[in-house]
Amino acid sequence: MASTRKQEISEETRRRLVAAATELAAERGATAMSIQAVAELSGISRGSVAWHFGSKDGLIRAVVEESFRWALTQLRDNLAAATEPGVAALIEANFAIMSQPEARIFATILLEATSKDSPVRDTYAEQYRTLRRYYGDYLRSVSAPVADPDAVAVALLGGTLGINIQHRLDPDHVDRRAAVTALETVYARALTKTHTGTEVPD
């Protein structure tokens with residue numbers, strides 16, 4: 001019993017540290033986030049970071065992993081609730097996720113992750129591979145499957161990511177809802193043309 005309680009406390013400490021680091025990284029970026037700030041926000045000593053994650057880099061990697069885990073869970077739930085499976089449902093599911101405050105972390109640290117010496121570059125890339133695989137598997141499962149689901153997965157993620165980054169940068173001038181609807185229309189026309197061999201008239 002004592003061992004179980006100790007494990008529960010350890011898991012709760014880890015969760016609080018990741019939650020605090022996620023909040024700070026979403027606001028300031030991973031580079032600007034400090035261990036001291038994480039300790040103060042979480043109410044846990046600085047030494048616990050080293051104990052649980054080894055270093056600040058280890059903590060940031062845990063933030064990325066947990067953020068993508070949350071997003072994938074949300075994606076699955078949204079798709080399960082969709083009335084009509086397909087590309088539009090996948091775009092809408094992504095839109096629902098990125099509309100939530102928790103999703104700020106992705107746009108905030110994305111540019112840092114693309115740097116060659118970024119401590120989260122490999123982790124970020126790995127998590128995107130997992131997400132693309134899920135997209136691809138979903139596209140293979142729908143009643144009107146696409147010709148190249150893996151390529152479409154890359155394109156869909158690129159399109160929705162681009163919309164969300166633009167909205168984060170300039171929310172007063174980027175209508176995310178309108179852009180997502182336009183993206184759905186483009187894919188609906190393209191896929192209909194692929195399935196029938198002819199383009200659907202306006």
# chains A, B, ... in the order shown; residues from 1 in each chain; ligands from 1
call {"tool": "residues_around", "arguments": {"residues": "A:Val180", "least_positions_apart": "3", "cutoff": "10 Å", "atoms": "only C-alpha atoms", "output": "ChimeraX atom specification"}}
result
/A:88,91-92,94-95,159-160,163-164,175-177,183-186
call {"tool": "select_by_dssp", "arguments": {"residues": "stretch 88-170 of chain A", "states": "helix (DSSP H, G or I)", "output": "PyMOL selection string"}}
result
chain A and resi 88-98+101-114+121-141+149-169
call {"tool": "atom_distance", "arguments": {"atom1": "atom CA of A:Pro85", "atom2": "atom CA of A:Arg129"}}
result
22.0 Å
call {"tool": "residues_around", "arguments": {"residues": "stretch 36-44 of chain A", "least_positions_apart": "2", "cutoff": "6 Å", "atoms": "only C-alpha atoms", "output": "MDAnalysis selection string"}}
result
chainID A and resid 16:17 20:21 34 46
call {"tool": "write_last_selection", "arguments": {"atoms": "N, CA and C atoms", "output": "tab-separated table (two decimals), in the first residue's frame"}}
result
chain	number	residue	atom	x	y	z
A	16	ARG	N	1.78	17.51	-12.60
A	16	ARG	CA	1.76	18.94	-12.29
A	16	ARG	C	2.93	19.68	-12.95
A	17	LEU	N	4.07	19.05	-12.99
A	17	LEU	CA	5.23	19.67	-13.64
A	17	LEU	C	4.99	19.83	-15.14
A	20	ALA	N	2.38	22.60	-15.74
A	20	ALA	CA	2.95	23.94	-15.55
A	20	ALA	C	3.87	24.30	-16.71
A	21	ALA	N	4.71	23.35	-17.13
A	21	ALA	CA	5.63	23.59	-18.24
A	21	ALA	C	4.87	23.84	-19.53
A	34	SER	N	11.59	28.61	-18.03
A	34	SER	CA	12.67	28.28	-17.10
A	34	SER	C	12.21	27.25	-16.08
A	46	ARG	N	12.46	22.62	-7.66
A	46	ARG	CA	13.22	22.50	-8.91
A	46	ARG	C	13.87	21.14	-9.05
call {"tool": "closest_residue", "arguments": {"among": "A:Asp117, A:Ile35, A:Arg104, A:Glu84", "to": "A:Gly54", "atoms": "only C-alpha atoms"}}
result
A:Ile35
call {"tool": "closest_residue", "arguments": {"among": "A:His167, A:Arg14, A:His52, A:Arg61", "to": "A:Ala125", "atoms": "only C-alpha atoms"}}
result
A:Arg61
call {"tool": "residues_around", "arguments": {"residues": "A:Ala32", "least_positions_apart": "4", "cutoff": "12 Å", "atoms": "only C-alpha atoms", "output": "VMD selection string"}}
result
chain A and resid 21 24 to 28 36 to 38 56 60 108 to 109 112
call {"tool": "residues_around", "arguments": {"residues": "A:Thr114", "least_positions_apart": "6", "cutoff": "9 Å", "atoms": "only C-alpha atoms", "output": "list in words"}}
result
Val120, Arg121, Tyr124 and Ala125 of chain A
call {"tool": "decode", "arguments": {"residues": "stretch 94-109 of chain A", "atoms": "all heavy atoms", "output": "CSV table (one decimal), in the first residue's frame"}}
result
chain,number,residue,atom,x,y,z
A,94,ASN,N,-10.0,18.1,-36.5
A,94,ASN,CA,-8.8,18.9,-36.3
A,94,ASN,C,-9.1,20.3,-35.9
A,94,ASN,O,-8.5,20.9,-35.0
A,94,ASN,CB,-7.9,18.9,-37.6
A,94,ASN,CG,-6.6,19.6,-37.4
A,94,ASN,OD1,-6.6,20.8,-37.3
A,94,ASN,ND2,-5.5,18.9,-37.3
A,95,PHE,N,-10.1,20.9,-36.6
A,95,PHE,CA,-10.5,22.3,-36.3
A,95,PHE,C,-11.0,22.4,-34.8
A,95,PHE,O,-10.7,23.4,-34.1
A,95,PHE,CB,-11.6,22.7,-37.2
A,95,PHE,CG,-12.3,24.0,-36.9
A,95,PHE,CD1,-11.6,25.2,-37.1
A,95,PHE,CD2,-13.6,24.1,-36.5
A,95,PHE,CE1,-12.2,26.5,-36.8
A,95,PHE,CE2,-14.2,25.3,-36.2
A,95,PHE,CZ,-13.5,26.5,-36.3
A,96,ALA,N,-11.8,21.4,-34.4
A,96,ALA,CA,-12.3,21.4,-33.0
A,96,ALA,C,-11.2,21.4,-32.0
A,96,ALA,O,-11.3,22.1,-31.0
A,96,ALA,CB,-13.2,20.2,-32.8
A,97,ILE,N,-10.1,20.7,-32.3
A,97,ILE,CA,-9.0,20.6,-31.4
A,97,ILE,C,-8.3,21.9,-31.3
A,97,ILE,O,-8.0,22.5,-30.3
A,97,ILE,CB,-8.0,19.5,-31.8
A,97,ILE,CG1,-8.7,18.1,-31.7
A,97,ILE,CG2,-6.7,19.6,-31.0
A,97,ILE,CD1,-7.9,17.0,-32.3
A,98,MET,N,-7.9,22.5,-32.5
A,98,MET,CA,-7.1,23.7,-32.6
A,98,MET,C,-7.9,24.9,-32.1
A,98,MET,O,-7.3,26.0,-31.9
A,98,MET,CB,-6.6,23.9,-34.0
A,98,MET,CG,-5.7,22.8,-34.5
A,98,MET,SD,-4.4,22.4,-33.4
A,98,MET,CE,-3.4,23.9,-33.4
A,99,SER,N,-9.2,24.8,-31.9
A,99,SER,CA,-10.0,25.9,-31.4
A,99,SER,C,-9.9,26.0,-29.9
A,99,SER,O,-10.4,26.9,-29.3
A,99,SER,CB,-11.5,25.8,-31.8
A,99,SER,OG,-11.6,25.8,-33.2
A,100,GLN,N,-9.4,25.0,-29.3
A,100,GLN,CA,-9.3,24.9,-27.8
A,100,GLN,C,-8.0,25.6,-27.3
A,100,GLN,O,-7.0,25.5,-27.9
A,100,GLN,CB,-9.3,23.5,-27.3
A,100,GLN,CG,-10.6,22.7,-27.7
A,100,GLN,CD,-10.7,21.3,-27.1
A,100,GLN,OE1,-10.5,21.1,-25.9
A,100,GLN,NE2,-11.0,20.4,-28.0
A,101,PRO,N,-8.1,26.2,-26.1
A,101,PRO,CA,-6.9,26.9,-25.6
A,101,PRO,C,-5.7,26.0,-25.4
A,101,PRO,O,-4.5,26.4,-25.5
A,101,PRO,CB,-7.4,27.4,-24.2
A,101,PRO,CG,-8.9,27.5,-24.3
A,101,PRO,CD,-9.3,26.4,-25.3
A,102,GLU,N,-5.9,24.7,-25.1
A,102,GLU,CA,-4.8,23.8,-24.9
A,102,GLU,C,-3.9,23.6,-26.1
A,102,GLU,O,-2.8,23.1,-26.0
A,102,GLU,CB,-5.4,22.4,-24.5
A,102,GLU,CG,-6.0,22.4,-23.1
A,102,GLU,CD,-7.5,22.7,-23.2
A,102,GLU,OE1,-8.0,23.3,-24.2
A,102,GLU,OE2,-8.2,22.3,-22.2
A,103,ALA,N,-4.5,23.9,-27.3
A,103,ALA,CA,-3.8,23.7,-28.5
A,103,ALA,C,-2.8,24.8,-28.8
A,103,ALA,O,-2.0,24.7,-29.8
A,103,ALA,CB,-4.8,23.6,-29.7
A,104,ARG,N,-2.7,25.9,-28.0
A,104,ARG,CA,-1.8,27.0,-28.3
A,104,ARG,C,-0.3,26.5,-28.3
A,104,ARG,O,0.5,27.0,-29.0
A,104,ARG,CB,-1.9,28.0,-27.2
A,104,ARG,CG,-3.2,28.8,-27.2
A,104,ARG,CD,-3.1,29.8,-26.0
A,104,ARG,NE,-2.9,29.2,-24.8
A,104,ARG,CZ,-2.4,29.8,-23.7
A,104,ARG,NH1,-2.0,31.0,-23.7
A,104,ARG,NH2,-2.2,29.1,-22.6
A,105,ILE,N,-0.1,25.4,-27.6
A,105,ILE,CA,1.3,24.9,-27.4
A,105,ILE,C,1.9,24.5,-28.8
A,105,ILE,O,3.1,24.7,-29.1
A,105,ILE,CB,1.4,23.7,-26.5
A,105,ILE,CG1,2.8,23.3,-26.2
A,105,ILE,CG2,0.5,22.6,-27.0
A,105,ILE,CD1,3.6,24.2,-25.4
A,106,PHE,N,1.1,24.0,-29.7
A,106,PHE,CA,1.6,23.5,-31.0
A,106,PHE,C,2.2,24.7,-31.8
A,106,PHE,O,3.2,24.6,-32.4
A,106,PHE,CB,0.5,22.8,-31.7
A,106,PHE,CG,0.0,21.6,-31.0
A,106,PHE,CD1,-1.3,21.5,-30.5
A,106,PHE,CD2,0.8,20.5,-30.8
A,106,PHE,CE1,-1.8,20.4,-29.8
A,106,PHE,CE2,0.4,19.4,-30.1
A,106,PHE,CZ,-0.9,19.3,-29.6
A,107,ALA,N,1.4,25.8,-32.0
A,107,ALA,CA,1.9,26.9,-32.8
A,107,ALA,C,3.0,27.6,-32.1
A,107,ALA,O,4.0,28.1,-32.7
A,107,ALA,CB,0.7,27.9,-33.0
A,108,THR,N,3.0,27.6,-30.8
A,108,THR,CA,4.1,28.4,-30.0
A,108,THR,C,5.5,27.8,-30.2
A,108,THR,O,6.4,28.5,-30.4
A,108,THR,CB,3.7,28.5,-28.5
A,108,THR,OG1,2.4,29.0,-28.4
A,108,THR,CG2,4.7,29.3,-27.8
A,109,ILE,N,5.5,26.5,-30.1
A,109,ILE,CA,6.9,25.9,-30.1
A,109,ILE,C,7.2,25.2,-31.4
A,109,ILE,O,8.3,24.7,-31.6
A,109,ILE,CB,7.1,24.9,-29.0
A,109,ILE,CG1,6.2,23.6,-29.2
A,109,ILE,CG2,6.8,25.5,-27.6
A,109,ILE,CD1,6.5,22.6,-28.1
